[in-house]
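Everything below concerns the one structure shown next.
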Amino acid sequence: MNNPYGIHIWSENNFIIKDNRVNINYANQPSLLEITQSIRKRGHKGPLLLRFPHLIKKQIDRLYFEFNRAKNEFEYQGNFQAVFPLKVNQFPNFVNSIVEVSREYNYGLEAGSKAELIIAITHTPMGSPITVNGFKDKEMITLCFIASYMGHNITITIEGIGELETIIEVNREFNSGIQNPITPKIGIRIRLHSSGVGIWAKSGGYSSKFGLTSTEILEAYQLLQEHNLLDKLWMVHFHIGSQMGEIAPLKKALREAGNIYAELKKRGADTLNAINIGGGLAVEYAQYKSTKELNYSLKEFANDVVFVIKEIAKSKSIKEPDIFTESGRFIASSHAVLIAPVLELFSQEYHEKSLRLKETNPPLIEELHDLWKAINRSNAREYLHDSLDHLESLLTLFDLGYINLEDRSNTEILVNLIIKKSILLLKNEDTNELQKLQDRIQEKYLVNFSAFQSLPDFWGLGQKFPVMPIDKLNTKPTNPATIWDITCDSDGEIGFDRDTPLYLHDIDIEQEEYFLAFFLTGAYQEVLGMKHNLFTHPTEIVVNFDENGDYSLDNLIEAQNLMDVLEDMDYNRNLVDKKLKYLIEESNLLNHKQKENILGKLYLYLSENSYLKTIQANREDL
């Protein structure tokens, strides 16, 4: 194991390196390469999204275990409950999996839009909690009332006084004339003074988008009293931001929210019985210790939440409330892995086999060749400097017309080879000069995926995800790597970063396949993914394990084909089809048989997705 790619930092022991491959550390420990090859044998090329439901269950198990442990340790009397925020991942293969693996916990769902609310109503087991956050109109609030009459345990979290006024209106209209009226539980989202840290800090604080100020909370309390709905007030809610890397802001927010809760209880809100701390439980994405994002563990998180709320309840002489969380990233991120094949190495022309040396070469090129052959540890720095000087001289000679294109090509190749070898020989001398040269000779790996579709947080926020090859891990990778996606956009690139360098293997794509895995992509990346260049969600498959430890590949959903994508963009599918057929049939350059053959090829291509099949005609499809 020459390079573990930080797998011990970010993987939570979910993946291990075994037999030179990345393996799933569960059941019979199959390798990602084995699973990938099994799917590709079915004819599914391009990028693959693998889902592992057992990793969803592992995270839910961990969450409930730590909170229940903390409850016992601190003799906390309230209950612990969690819901999953659908905004993090609404894809059916994920939602169906999370509902299935969490049944023992009475785990629920959180919705922030009408469409998400329909998902929650149709997928949440009866009795499990549904919380409804975000801005709501009369129609959405009415849907919540309908869900209550279905028997769902649903809580409407109000984000402003206007929403409460709408709830009062819907309650009056919906329950008019009903002998035993049913009204959903009501929660109040509080706008705290406390805020989080980092990119999502604006989720908290007085300038945050959501929540009621102290003045509005008092107004809401009065409205609930006046309209006989105070007995429906059940929860206070707050959220100070996603991916909380530090624990201190949460503790401050807990004290503030806990005291607001206590004040409402002492004021007469007798049925108020829950504090929802929102999401924010972070995930470690770092592949290097120097860039770790978290300063707390799940155990510390649970301890702090339970202890702080217990202390407030004790000091205010109130009953200890139920604790709710809406952690999404923590639950979902680890379950999905994107596997994408490398299509080409754009710097592979800088290999010795690519040299076009002549019987007689310009003297400086002969000297470069001698430097390349004779370089060793003792002379590496001197020869490196000589080669860089020769490079400038030879490029000037080319500009003046004294050497030809073959000579220029040989110059570039030889200097590149000398730089690469110098860096290896001088690897213990971490000088700025060597670092700059390393940036210069990085290999460009063209990978069959779209960063905009599958890693939008990288493109939009600079969020880095663990990346590594899924095999060849017995061989030390030597290429400083830049990853290019296949979109027609310069931003579709994961550049080499000397502070968090990614090294990949020097491979011959003509002879072998090479796959990269992008980990922790199960939260937000899919739902935020954009169809830039009309690349769509990759082919996905659920990997389940049976009681014997064997895996099965289930619920495969192929990436959309070209016509489906165009239809999604509001093109008339029939008109596009007719126009293509018309243009071929009206062509004067083709005979009847050729037209039939071309039409057959055309419809075959239209049934495929946008991801690349191959780069070179003499290669097997990738």
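The way I read the labels, and the way they are meant: chains A, B, ... in the order of the structure tokens, residue 1 as the first residue of every chain, and ligand 1 as the first ligand shown, with later ones counted on from there.
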All alpha helix (DSSP H) positions in range 247-377 of chain A, as a VMD selection string: chain A and resid 248 to 267 298 to 316 329 to 332 363 to 374
Residues near Phe518 in chain A, cut-off 9 Å, only C-alpha atoms, skip fewer than 4 positions along chain, as a list in words: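 In the requested form, the answer reads Ala336, Val337, Leu338, Ile339, Ala340, Leu455, Phe465, Pro466, Val467, Met468 and Pro469 of chain A.
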Which residue of A:Thr539, A:Gln442, A:Gln453, A:Asn72 approaches Asn303 in chain A most closely, using only C-alpha atoms: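 Selected residue with least distance to Asn303 in chain A: A:Asn72.
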Lys57 in chain A surroundings by only C-alpha atoms, 10 Å radius, close-in-sequence under 3 positions cut, as a list of chain:residue names: A:Phe52, A:Pro53, A:His54, A:Ile60, A:Asp61, A:Arg62, A:Leu63, A:Ser97, A:Ile98, A:Val99, A:Glu100, A:Val101, A:Ser102, A:Ile331, A:Ala332, A:His335
Near-Thr166 in chain A list (9 Å; only C-alpha atoms; drop same-chain fewer than 6 positions) as a list in words: Asp137, Lys138 and Ile141 of chain A
Emit the selected residues as an mmCIF file, in the first residue's frame, including C-alpha atoms.
```
data_model
loop_
_atom_site.group_PDB
_atom_site.id
_atom_site.type_symbol
_atom_site.label_atom_id
_atom_site.label_comp_id
_atom_site.auth_asym_id
_atom_site.auth_seq_id
_atom_site.Cartn_x
_atom_site.Cartn_y
_atom_site.Cartn_z
ATOM 1 C CA ASP A 137 -48.257 29.390 0.602
ATOM 2 C CA LYS A 138 -51.864 28.506 1.322
ATOM 3 C CA ILE A 141 -50.195 24.535 4.157
#
```
Counting only C-alpha atoms, the residue of A:Asn474, A:Ile9, A:Ile35, A:Thr215 that sits nearest Tyr551 in chain A: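 Counting only C-alpha atoms, the residue closest to Tyr551 in chain A is A:Ile35.
If you measure from each of A:His152, A:Arg172, A:Lys316, A:Lys476 to Tyr261 in chain A using only C-alpha atoms, the closest one turns out to be A:Lys316.
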Strand (DSSP E) call set, DSSP backbone run, range 189-410 of chain A, as a ChimeraX atom specification: /A:189,233-237,274-276,322-325,336-345
What does the file look like for those residues with N, CA and C atoms, as a PDB file, in the first residue's frame?
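Final file, again-v2.pdb:
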```
ATOM      1  N   ARG A 189     -39.701  28.578  13.797  1.00  0.00           N
ATOM      2  CA  ARG A 189     -38.260  28.704  13.550  1.00  0.00           C
ATOM      3  C   ARG A 189     -37.797  30.039  14.106  1.00  0.00           C
ATOM      4  N   LEU A 233     -48.791  24.289  19.331  1.00  0.00           N
ATOM      5  CA  LEU A 233     -47.380  24.690  19.319  1.00  0.00           C
ATOM      6  C   LEU A 233     -46.566  23.602  19.999  1.00  0.00           C
ATOM      7  N   TRP A 234     -45.714  22.938  19.234  1.00  0.00           N
ATOM      8  CA  TRP A 234     -45.043  21.734  19.743  1.00  0.00           C
ATOM      9  C   TRP A 234     -43.518  21.804  19.654  1.00  0.00           C
ATOM     10  N   MET A 235     -42.995  22.672  18.760  1.00  0.00           N
ATOM     11  CA  MET A 235     -41.563  22.616  18.485  1.00  0.00           C
ATOM     12  C   MET A 235     -41.003  24.020  18.256  1.00  0.00           C
ATOM     13  N   VAL A 236     -39.793  24.249  18.742  1.00  0.00           N
ATOM     14  CA  VAL A 236     -38.997  25.377  18.263  1.00  0.00           C
ATOM     15  C   VAL A 236     -37.854  24.811  17.443  1.00  0.00           C
ATOM     16  N   HIS A 237     -37.461  25.559  16.430  1.00  0.00           N
ATOM     17  CA  HIS A 237     -36.507  25.059  15.440  1.00  0.00           C
ATOM     18  C   HIS A 237     -35.464  26.131  15.179  1.00  0.00           C
ATOM     19  N   ALA A 274     -40.503  20.084  22.079  1.00  0.00           N
ATOM     20  CA  ALA A 274     -39.383  19.634  21.240  1.00  0.00           C
ATOM     21  C   ALA A 274     -38.527  20.806  20.808  1.00  0.00           C
ATOM     22  N   ILE A 275     -37.233  20.580  20.780  1.00  0.00           N
ATOM     23  CA  ILE A 275     -36.276  21.515  20.192  1.00  0.00           C
ATOM     24  C   ILE A 275     -35.633  20.826  18.997  1.00  0.00           C
ATOM     25  N   ASN A 276     -35.787  21.441  17.842  1.00  0.00           N
ATOM     26  CA  ASN A 276     -35.197  20.910  16.608  1.00  0.00           C
ATOM     27  C   ASN A 276     -33.944  21.711  16.320  1.00  0.00           C
ATOM     28  N   ASP A 322     -37.982  16.891  23.988  1.00  0.00           N
ATOM     29  CA  ASP A 322     -37.477  15.978  22.961  1.00  0.00           C
ATOM     30  C   ASP A 322     -36.481  16.739  22.092  1.00  0.00           C
ATOM     31  N   ILE A 323     -35.494  16.029  21.599  1.00  0.00           N
ATOM     32  CA  ILE A 323     -34.467  16.625  20.741  1.00  0.00           C
ATOM     33  C   ILE A 323     -34.633  16.075  19.331  1.00  0.00           C
ATOM     34  N   PHE A 324     -34.755  16.975  18.379  1.00  0.00           N
ATOM     35  CA  PHE A 324     -34.846  16.601  16.967  1.00  0.00           C
ATOM     36  C   PHE A 324     -33.584  17.067  16.232  1.00  0.00           C
ATOM     37  N   THR A 325     -33.131  16.274  15.272  1.00  0.00           N
ATOM     38  CA  THR A 325     -32.100  16.740  14.346  1.00  0.00           C
ATOM     39  C   THR A 325     -32.590  16.527  12.920  1.00  0.00           C
ATOM     40  N   ALA A 336     -22.858   7.195  -1.604  1.00  0.00           N
ATOM     41  CA  ALA A 336     -22.748   7.218  -3.065  1.00  0.00           C
ATOM     42  C   ALA A 336     -21.298   7.410  -3.497  1.00  0.00           C
ATOM     43  N   VAL A 337     -20.901   6.651  -4.504  1.00  0.00           N
ATOM     44  CA  VAL A 337     -19.557   6.745  -5.072  1.00  0.00           C
ATOM     45  C   VAL A 337     -19.695   6.858  -6.585  1.00  0.00           C
ATOM     46  N   LEU A 338     -19.066   7.883  -7.150  1.00  0.00           N
ATOM     47  CA  LEU A 338     -19.052   8.045  -8.603  1.00  0.00           C
ATOM     48  C   LEU A 338     -17.809   7.370  -9.156  1.00  0.00           C
ATOM     49  N   ILE A 339     -17.999   6.465 -10.121  1.00  0.00           N
ATOM     50  CA  ILE A 339     -16.890   5.783 -10.789  1.00  0.00           C
ATOM     51  C   ILE A 339     -16.860   6.249 -12.240  1.00  0.00           C
ATOM     52  N   ALA A 340     -15.714   6.752 -12.681  1.00  0.00           N
ATOM     53  CA  ALA A 340     -15.618   7.262 -14.057  1.00  0.00           C
ATOM     54  C   ALA A 340     -14.318   6.794 -14.699  1.00  0.00           C
ATOM     55  N   PRO A 341     -14.388   6.360 -15.958  1.00  0.00           N
ATOM     56  CA  PRO A 341     -13.183   5.899 -16.648  1.00  0.00           C
ATOM     57  C   PRO A 341     -12.354   7.052 -17.200  1.00  0.00           C
ATOM     58  N   VAL A 342     -11.047   6.888 -17.147  1.00  0.00           N
ATOM     59  CA  VAL A 342     -10.143   7.833 -17.796  1.00  0.00           C
ATOM     60  C   VAL A 342     -10.134   7.521 -19.296  1.00  0.00           C
ATOM     61  N   LEU A 343     -10.312   8.554 -20.095  1.00  0.00           N
ATOM     62  CA  LEU A 343     -10.365   8.380 -21.539  1.00  0.00           C
ATOM     63  C   LEU A 343      -9.024   8.630 -22.207  1.00  0.00           C
ATOM     64  N   GLU A 344      -8.255   9.544 -21.637  1.00  0.00           N
ATOM     65  CA  GLU A 344      -7.018   9.921 -22.308  1.00  0.00           C
ATOM     66  C   GLU A 344      -6.117  10.668 -21.342  1.00  0.00           C
ATOM     67  N   LEU A 345      -4.802  10.537 -21.565  1.00  0.00           N
ATOM     68  CA  LEU A 345      -3.816  11.356 -20.875  1.00  0.00           C
ATOM     69  C   LEU A 345      -3.257  12.339 -21.889  1.00  0.00           C
TER      70      LEU A 345
END
```
